[in-house]
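K.L.:
Quick one: structure below, then a few questions.
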Amino acid sequence: MSNTLIDTACVPVIDRRFRLQWEAAQNAHVLLYPEGMVKLNGSAGEILKRCDGIATIAEITAELEQTFATTGLSGDVLAFVTMAVDNKWVAVRS
Amino acid sequence: MGRGTVMKPGPPLWLLLELTYRCPLHCVFCYNPTDFARSGPELDTADWLRVLREARALGAVQLGLSGGEPLARDDLEVIVAEAHRLGFYINLITSGVGLTEPRISALKTAGLDHIQLSFQDSSRQMNDFLSSTRTFELKSKVAALIKKYDYPMVLNVVLHRLNIDHVEEILDLADGLGAEYVELANTQYYGWAWQNRAQLLPSREQVKRAEAATQRFRERGGRPMQIFFVVPDYFERRPKPCMNGLGSIFLTVTPDGTALPCHAARMLPGLDFPNVRAASVEHVWFESAAFNHYRGDAWMKEPCRSCPEKARDFGGCRCQAYLMTGDAANADPVCDLSPHHHLVTEAVALANRPAEIQKQSLDEKPLVFRSPQNSAALFP
């Protein structure tokens, strides 16, 4: 469980123990870690590849909404990042 | 993932390169084949680099570098550098012997992602006895180097009758070394471990105590450390989904270039396993008869063929079926639906006998250590 309270001002970054990579053979982003791999669905991949340690969750959300010409993603992105932090895929700073 | 009668295989996502059978250790539970001494010459650097390129082109992404002791190859850094350039996630599976500071530094520069370090026990005496070497202190030094070079520390301890009672001390040792992950991997009985099974199989009581000790350790809290307790399958009623089905995601290449759908599969009779010296990885994976043989379920016999659980466990392990029943197409005898399940329960019953009887049988049939000499003696 995460001890940090995560809000849209937080800046997420892929945890140093994981490596995010596009795999053409699987047509998916994957997270690689010691002797393991998580195959990500499309939205998870799109969010995680924007977790660069610079953009806030709010900025990532705005960028996704613009790229995919949609609105109202904020709740989904926040929920996913929270789950990713719980799984230790992602670290955040406030 | 479901799997019908007919299937088109996906990519070999996991590639395990057994770079050499040379090893400074002589572990009694090693899964390497007992006849390794008559294996042909090792692939050279150019062959290994070609295997990496061909496998990566098919979609392989997790790479294990193992052996024997992979550090015995002086081109390990070259192999790692090429694997890194290709985009593999690279796991080095090592005893730590030979992992000097110059080498770990060079491997880091080359792009090695992770090191899995094996320990044989929490005590110097048992570690050194089980591996027939004096390596305990050295492993502790290597563990410190792994931390210094900022690798996630994964300790692997193979459990069996002679060390399973030390689980709590093993976890304390791992904690003291700063491990992030600990694999308490109960011995799987292939190769040298099969040879020594009567001496290595723990009693059911021992397994229960070890699980309880692991749970107690987890409940103590403290520094976060993920513990994987791999339950010994002889004590189960359903088989493991071995390799997720042969030819499904795993590809092993042995030191002499033989391609296998599982690192123990060379023992399976009647299959002409291709060699990467003569065949491309693409041919090996998609075309070769040996890799296609156990795909799907056409090879299955009853009770597997009509079993509703066949899509989950694929009938278990082909090697275990072959070793115990003499027919690799039989159900894995770990399954209590197998007509051969008694072979497993009888082995466990022998292991459950009182300690003094066990000691007596150990004196009558001593452990056979993994060594080229013993390999040659077993297969003159």
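Quick note on naming: the chains in the structure tokens go A, B, ... in the order shown, residues restart at 1 in each chain, and ligands are numbered from 1 in order of appearance.
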Which residues are close to A:Arg17, i.e. within 9 Å by only C-alpha atoms, leaving aside same-chain residues fewer than 3 positions away? Reply as a ChimeraX atom specification.

P.N.:
/A:14,32-34,88-89 /B:151-152

K.L.:
Save out the residues we just selected, N, CA and C atoms, as a JSON list (two decimals), in the first residue's frame.

P.N.:
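Saved result, selection-v3.json, follows:
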```json
[["chain", "number", "residue", "atom", "x", "y", "z"],
["A", 14, "ILE", "N", 8.40, 6.37, -13.58],
["A", 14, "ILE", "CA", 8.55, 4.92, -13.55],
["A", 14, "ILE", "C", 9.59, 4.59, -12.48],
["A", 32, "LEU", "N", 9.24, -4.28, -17.56],
["A", 32, "LEU", "CA", 10.18, -5.37, -17.32],
["A", 32, "LEU", "C", 10.81, -5.20, -15.94],
["A", 33, "TYR", "N", 10.99, -6.30, -15.25],
["A", 33, "TYR", "CA", 11.62, -6.28, -13.93],
["A", 33, "TYR", "C", 12.31, -7.63, -13.74],
["A", 34, "PRO", "N", 13.06, -7.82, -12.66],
["A", 34, "PRO", "CA", 13.81, -9.07, -12.52],
["A", 34, "PRO", "C", 12.95, -10.32, -12.75],
["A", 88, "LYS", "N", 4.08, -0.48, -7.03],
["A", 88, "LYS", "CA", 5.48, -0.04, -7.04],
["A", 88, "LYS", "C", 6.04, 0.11, -8.46],
["A", 89, "TRP", "N", 5.16, 0.19, -9.46],
["A", 89, "TRP", "CA", 5.63, 0.45, -10.82],
["A", 89, "TRP", "C", 6.09, 1.90, -10.95],
["B", 151, "TYR", "N", 22.16, -2.74, -7.98],
["B", 151, "TYR", "CA", 21.28, -3.74, -8.56],
["B", 151, "TYR", "C", 20.23, -4.13, -7.55],
["B", 152, "PRO", "N", 19.00, -4.43, -8.04],
["B", 152, "PRO", "CA", 18.04, -5.04, -7.12],
["B", 152, "PRO", "C", 18.60, -6.38, -6.67]]
```

K.L.:
Taking only C-alpha atoms into account, report as a ChimeraX atom specification which residues of chain B lie within 12 Å of chain A.

P.N.:
/B:10-16,55-65,86-93,112-116,150-155,180-183,224

K.L.:
Kindly save the residues from that selection, with C-alpha atoms included, as a PDB file, in the first residue's frame.

P.N.:
```pdb
ATOM      1  CA  GLY B  10       3.314 -16.752 -29.879  1.00  0.00           C
ATOM      2  CA  PRO B  11       6.887 -15.484 -29.581  1.00  0.00           C
ATOM      3  CA  PRO B  12       9.480 -17.148 -27.324  1.00  0.00           C
ATOM      4  CA  LEU B  13       9.193 -14.328 -24.779  1.00  0.00           C
ATOM      5  CA  TRP B  14      11.692 -15.908 -22.388  1.00  0.00           C
ATOM      6  CA  LEU B  15      15.101 -16.911 -23.643  1.00  0.00           C
ATOM      7  CA  LEU B  16      17.454 -18.812 -21.351  1.00  0.00           C
ATOM      8  CA  ALA B  55      15.440 -14.544 -30.863  1.00  0.00           C
ATOM      9  CA  ARG B  56      14.967 -10.818 -30.312  1.00  0.00           C
ATOM     10  CA  ALA B  57      13.637 -10.458 -33.870  1.00  0.00           C
ATOM     11  CA  LEU B  58      10.950 -13.023 -32.970  1.00  0.00           C
ATOM     12  CA  GLY B  59       9.970 -11.030 -29.856  1.00  0.00           C
ATOM     13  CA  ALA B  60      12.083 -12.563 -27.085  1.00  0.00           C
ATOM     14  CA  VAL B  61      12.505  -9.927 -24.359  1.00  0.00           C
ATOM     15  CA  GLN B  62      13.366 -11.552 -21.023  1.00  0.00           C
ATOM     16  CA  LEU B  63      16.854 -13.013 -21.151  1.00  0.00           C
ATOM     17  CA  GLY B  64      18.385 -15.347 -18.578  1.00  0.00           C
ATOM     18  CA  LEU B  65      22.125 -15.959 -18.664  1.00  0.00           C
ATOM     19  CA  LEU B  86      18.944  -5.355 -28.828  1.00  0.00           C
ATOM     20  CA  GLY B  87      16.582  -4.360 -26.000  1.00  0.00           C
ATOM     21  CA  PHE B  88      16.567  -7.480 -23.840  1.00  0.00           C
ATOM     22  CA  TYR B  89      15.979  -7.279 -20.092  1.00  0.00           C
ATOM     23  CA  ILE B  90      19.026  -9.189 -18.911  1.00  0.00           C
ATOM     24  CA  ASN B  91      19.085 -11.430 -15.822  1.00  0.00           C
ATOM     25  CA  LEU B  92      22.374 -12.969 -14.715  1.00  0.00           C
ATOM     26  CA  ILE B  93      21.841 -16.147 -12.715  1.00  0.00           C
ATOM     27  CA  LEU B 112      23.161  -5.916 -17.334  1.00  0.00           C
ATOM     28  CA  ASP B 113      19.776  -5.322 -15.631  1.00  0.00           C
ATOM     29  CA  HIS B 114      19.706  -7.767 -12.761  1.00  0.00           C
ATOM     30  CA  ILE B 115      21.719 -10.319 -10.830  1.00  0.00           C
ATOM     31  CA  GLN B 116      20.206 -13.332  -9.097  1.00  0.00           C
ATOM     32  CA  ASP B 150      22.768  -0.473  -7.373  1.00  0.00           C
ATOM     33  CA  TYR B 151      21.280  -3.741  -8.564  1.00  0.00           C
ATOM     34  CA  PRO B 152      18.036  -5.038  -7.118  1.00  0.00           C
ATOM     35  CA  MET B 153      19.179  -7.914  -4.935  1.00  0.00           C
ATOM     36  CA  VAL B 154      17.469 -11.197  -5.609  1.00  0.00           C
ATOM     37  CA  LEU B 155      18.665 -14.095  -3.519  1.00  0.00           C
ATOM     38  CA  GLU B 180      14.793  -7.000  -2.065  1.00  0.00           C
ATOM     39  CA  TYR B 181      13.539 -10.385  -3.239  1.00  0.00           C
ATOM     40  CA  VAL B 182      14.137 -13.839  -1.830  1.00  0.00           C
ATOM     41  CA  GLU B 183      13.215 -16.970  -3.693  1.00  0.00           C
ATOM     42  CA  PRO B 224      10.356  -4.575   2.876  1.00  0.00           C
TER      43      PRO B 224
END
```

K.L.:
How many Å separate atom CA of B:Ser371 from atom CA of B:Thr34?

P.N.:
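The value is 8.8 Å.
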
K.L.:
Among chain A, which residues carry a DSSP assignment of strand (DSSP E or B), reported as a list of chain:residue names?

P.N.:
A:Val11, A:Pro12, A:Val13, A:Ile14, A:Arg19, A:Leu20, A:Gln21, A:Trp22, A:Glu23, A:Ala28, A:His29, A:Val30, A:Leu31, A:Leu32, A:Tyr33, A:Gly36, A:Met37, A:Val38, A:Lys39, A:Asp52, A:Val90, A:Ala91, A:Val92, A:Arg93

K.L.:
What gap, in Å, lies between atom CA of B:Thr254 and atom CA of B:Ala143?

P.N.:
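These two atoms are separated by 27.2 Å.
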
K.L.:
Which value, in Å to one decimal, gives the distance between atom CA of B:Val348 and atom CA of B:Gln320?

P.N.:
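Those two atoms sit 15.1 Å apart.
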
K.L.:
Quick one: everything within 12 Å of A:Gly53, counting only C-alpha atoms, minus sequence neighbours fewer than 4 positions away in the same chain. Send it as a list in words.

P.N.:
Cys10, Val11, Pro12, Val13, Ile14, Asp15, Arg16, Leu48, Lys49, Ile57, Glu59, Ile60, Val90, Ala91, Val92, Arg93 and Ser94 of chain A

K.L.:
Skip B:Thr45 itself and residues of its chain fewer than 5 positions away, then list as a list of chain:residue names all residues within 9 Å of it, counting only C-alpha atoms.

P.N.:
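After dropping sequence-adjacent residues, the list is B:Arg50, B:Asp75, B:Leu76, B:Val78, B:Ile79.
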
K.L.:
Write out as a PDB file with C-alpha atoms, in the first residue's frame each polymer residue whose atoms come within 9 Å of B:Glu82, counting only C-alpha atoms; drop sequence neighbours fewer than 5 positions from it.

P.N.:
```pdb
ATOM      1  CA  LEU B  49      25.291 -13.144 -30.583  1.00  0.00           C
ATOM      2  CA  LEU B  52      20.358 -13.220 -29.423  1.00  0.00           C
ATOM      3  CA  ARG B  53      19.622 -11.304 -32.641  1.00  0.00           C
ATOM      4  CA  GLU B  77      30.391  -8.816 -21.115  1.00  0.00           C
ATOM      5  CA  GLY B  87      16.582  -4.360 -26.000  1.00  0.00           C
ATOM      6  CA  ALA B 110      27.452  -3.287 -20.756  1.00  0.00           C
ATOM      7  CA  GLY B 111      23.815  -2.953 -19.634  1.00  0.00           C
TER       8      GLY B 111
END
```

K.L.:
Could you give me the residues within stretch 6-90 of chain A that DSSP places in helix (DSSP H, G or I), as a PyMOL selection string?

P.N.:
chain A and resi 24-26+42-48+57-67+74-86

K.L.:
With N, CA and C atoms retained, export the selected residues as an mmCIF file, in the first residue's frame.

P.N.:
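As written to disk, out-v1.cif reads:
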```
data_model
loop_
_atom_site.group_PDB
_atom_site.id
_atom_site.type_symbol
_atom_site.label_atom_id
_atom_site.label_comp_id
_atom_site.auth_asym_id
_atom_site.auth_seq_id
_atom_site.Cartn_x
_atom_site.Cartn_y
_atom_site.Cartn_z
ATOM 1 N N ALA A 24 7.056 -4.530 -30.145
ATOM 2 C CA ALA A 24 6.292 -4.672 -31.389
ATOM 3 C C ALA A 24 5.675 -6.067 -31.492
ATOM 4 N N ALA A 25 6.435 -7.101 -31.080
ATOM 5 C CA ALA A 25 5.943 -8.479 -31.216
ATOM 6 C C ALA A 25 4.672 -8.705 -30.391
ATOM 7 N N GLN A 26 4.518 -7.943 -29.315
ATOM 8 C CA GLN A 26 3.318 -8.089 -28.481
ATOM 9 C C GLN A 26 2.320 -6.973 -28.744
ATOM 10 N N GLY A 42 -3.600 -0.717 -23.716
ATOM 11 C CA GLY A 42 -3.321 0.523 -24.431
ATOM 12 C C GLY A 42 -3.310 1.748 -23.535
ATOM 13 N N SER A 43 -4.340 1.917 -22.712
ATOM 14 C CA SER A 43 -4.389 3.135 -21.891
ATOM 15 C C SER A 43 -3.289 3.146 -20.841
ATOM 16 N N ALA A 44 -3.013 1.978 -20.254
ATOM 17 C CA ALA A 44 -1.937 1.912 -19.252
ATOM 18 C C ALA A 44 -0.610 2.322 -19.881
ATOM 19 N N GLY A 45 -0.347 1.822 -21.075
ATOM 20 C CA GLY A 45 0.881 2.172 -21.775
ATOM 21 C C GLY A 45 0.961 3.663 -22.067
ATOM 22 N N GLU A 46 -0.156 4.236 -22.509
ATOM 23 C CA GLU A 46 -0.173 5.672 -22.844
ATOM 24 C C GLU A 46 0.082 6.524 -21.600
ATOM 25 N N ILE A 47 -0.464 6.114 -20.478
ATOM 26 C CA ILE A 47 -0.237 6.885 -19.242
ATOM 27 C C ILE A 47 1.213 6.725 -18.788
ATOM 28 N N LEU A 48 1.679 5.468 -18.716
ATOM 29 C CA LEU A 48 3.005 5.222 -18.151
ATOM 30 C C LEU A 48 4.112 5.855 -18.990
ATOM 31 N N ILE A 57 0.380 14.827 -12.755
ATOM 32 C CA ILE A 57 -0.751 14.003 -13.211
ATOM 33 C C ILE A 57 -1.748 14.871 -13.981
ATOM 34 N N ALA A 58 -1.933 16.089 -13.542
ATOM 35 C CA ALA A 58 -2.845 17.001 -14.246
ATOM 36 C C ALA A 58 -2.358 17.288 -15.669
ATOM 37 N N GLU A 59 -1.051 17.501 -15.794
ATOM 38 C CA GLU A 59 -0.487 17.771 -17.133
ATOM 39 C C GLU A 59 -0.572 16.538 -18.029
ATOM 40 N N ILE A 60 -0.314 15.371 -17.440
ATOM 41 C CA ILE A 60 -0.426 14.114 -18.215
ATOM 42 C C ILE A 60 -1.865 13.940 -18.705
ATOM 43 N N THR A 61 -2.809 14.216 -17.820
ATOM 44 C CA THR A 61 -4.220 14.084 -18.178
ATOM 45 C C THR A 61 -4.577 15.026 -19.330
ATOM 46 N N ALA A 62 -4.136 16.286 -19.224
ATOM 47 C CA ALA A 62 -4.443 17.267 -20.272
ATOM 48 C C ALA A 62 -3.841 16.836 -21.609
ATOM 49 N N GLU A 63 -2.642 16.313 -21.535
ATOM 50 C CA GLU A 63 -1.958 15.877 -22.764
ATOM 51 C C GLU A 63 -2.691 14.701 -23.408
ATOM 52 N N LEU A 64 -3.145 13.770 -22.580
ATOM 53 C CA LEU A 64 -3.892 12.616 -23.096
ATOM 54 C C LEU A 64 -5.216 13.055 -23.705
ATOM 55 N N GLU A 65 -5.885 13.971 -23.024
ATOM 56 C CA GLU A 65 -7.189 14.439 -23.528
ATOM 57 C C GLU A 65 -7.021 15.127 -24.882
ATOM 58 N N GLN A 66 -5.909 15.869 -25.001
ATOM 59 C CA GLN A 66 -5.643 16.539 -26.270
ATOM 60 C C GLN A 66 -5.298 15.522 -27.370
ATOM 61 N N THR A 67 -4.398 14.592 -27.035
ATOM 62 C CA THR A 67 -3.960 13.596 -28.030
ATOM 63 C C THR A 67 -5.135 12.760 -28.527
ATOM 64 N N SER A 74 -9.581 12.638 -16.049
ATOM 65 C CA SER A 74 -8.859 12.899 -14.813
ATOM 66 C C SER A 74 -9.000 11.781 -13.775
ATOM 67 N N GLY A 75 -10.236 11.338 -13.537
ATOM 68 C CA GLY A 75 -10.477 10.305 -12.530
ATOM 69 C C GLY A 75 -9.780 9.001 -12.885
ATOM 70 N N ASP A 76 -9.861 8.629 -14.173
ATOM 71 C CA ASP A 76 -9.255 7.370 -14.618
ATOM 72 C C ASP A 76 -7.739 7.412 -14.482
ATOM 73 N N VAL A 77 -7.144 8.545 -14.868
ATOM 74 C CA VAL A 77 -5.683 8.647 -14.810
ATOM 75 C C VAL A 77 -5.217 8.595 -13.355
ATOM 76 N N LEU A 78 -5.910 9.340 -12.505
ATOM 77 C CA LEU A 78 -5.545 9.355 -11.087
ATOM 78 C C LEU A 78 -5.677 7.953 -10.478
ATOM 79 N N ALA A 79 -6.747 7.268 -10.822
ATOM 80 C CA ALA A 79 -6.959 5.912 -10.283
ATOM 81 C C ALA A 79 -5.869 4.970 -10.773
ATOM 82 N N PHE A 80 -5.498 5.106 -12.061
ATOM 83 C CA PHE A 80 -4.464 4.211 -12.591
ATOM 84 C C PHE A 80 -3.115 4.485 -11.934
ATOM 85 N N VAL A 81 -2.757 5.767 -11.809
ATOM 86 C CA VAL A 81 -1.455 6.091 -11.198
ATOM 87 C C VAL A 81 -1.424 5.597 -9.745
ATOM 88 N N THR A 82 -2.532 5.730 -9.044
ATOM 89 C CA THR A 82 -2.601 5.250 -7.662
ATOM 90 C C THR A 82 -2.355 3.743 -7.609
ATOM 91 N N MET A 83 -2.994 3.028 -8.531
ATOM 92 C CA MET A 83 -2.793 1.572 -8.605
ATOM 93 C C MET A 83 -1.328 1.261 -8.947
ATOM 94 N N ALA A 84 -0.766 2.030 -9.880
ATOM 95 C CA ALA A 84 0.625 1.796 -10.299
ATOM 96 C C ALA A 84 1.589 2.055 -9.137
ATOM 97 N N VAL A 85 1.271 3.040 -8.295
ATOM 98 C CA VAL A 85 2.097 3.312 -7.117
ATOM 99 C C VAL A 85 1.978 2.161 -6.120
ATOM 100 N N ASP A 86 0.749 1.673 -5.936
ATOM 101 C CA ASP A 86 0.548 0.528 -5.038
ATOM 102 C C ASP A 86 1.339 -0.691 -5.508
#
```

K.L.:
Smallest atom-to-atom distance to A:Thr56: which of A:Ala28, A:Gly72, A:Ala9, A:Leu40, using only C-alpha atoms?

P.N.:
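Counting only C-alpha atoms, the residue closest to A:Thr56 is A:Ala9.
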
K.L.:
Using only C-alpha atoms, which protein or nucleic acid residues come within 8 Å of stretch 101-105 of chain B? Drop anything in the same chain fewer than 2 positions from it, and give the result as a ChimeraX atom specification.

P.N.:
/B:99,107-109,145-146,149
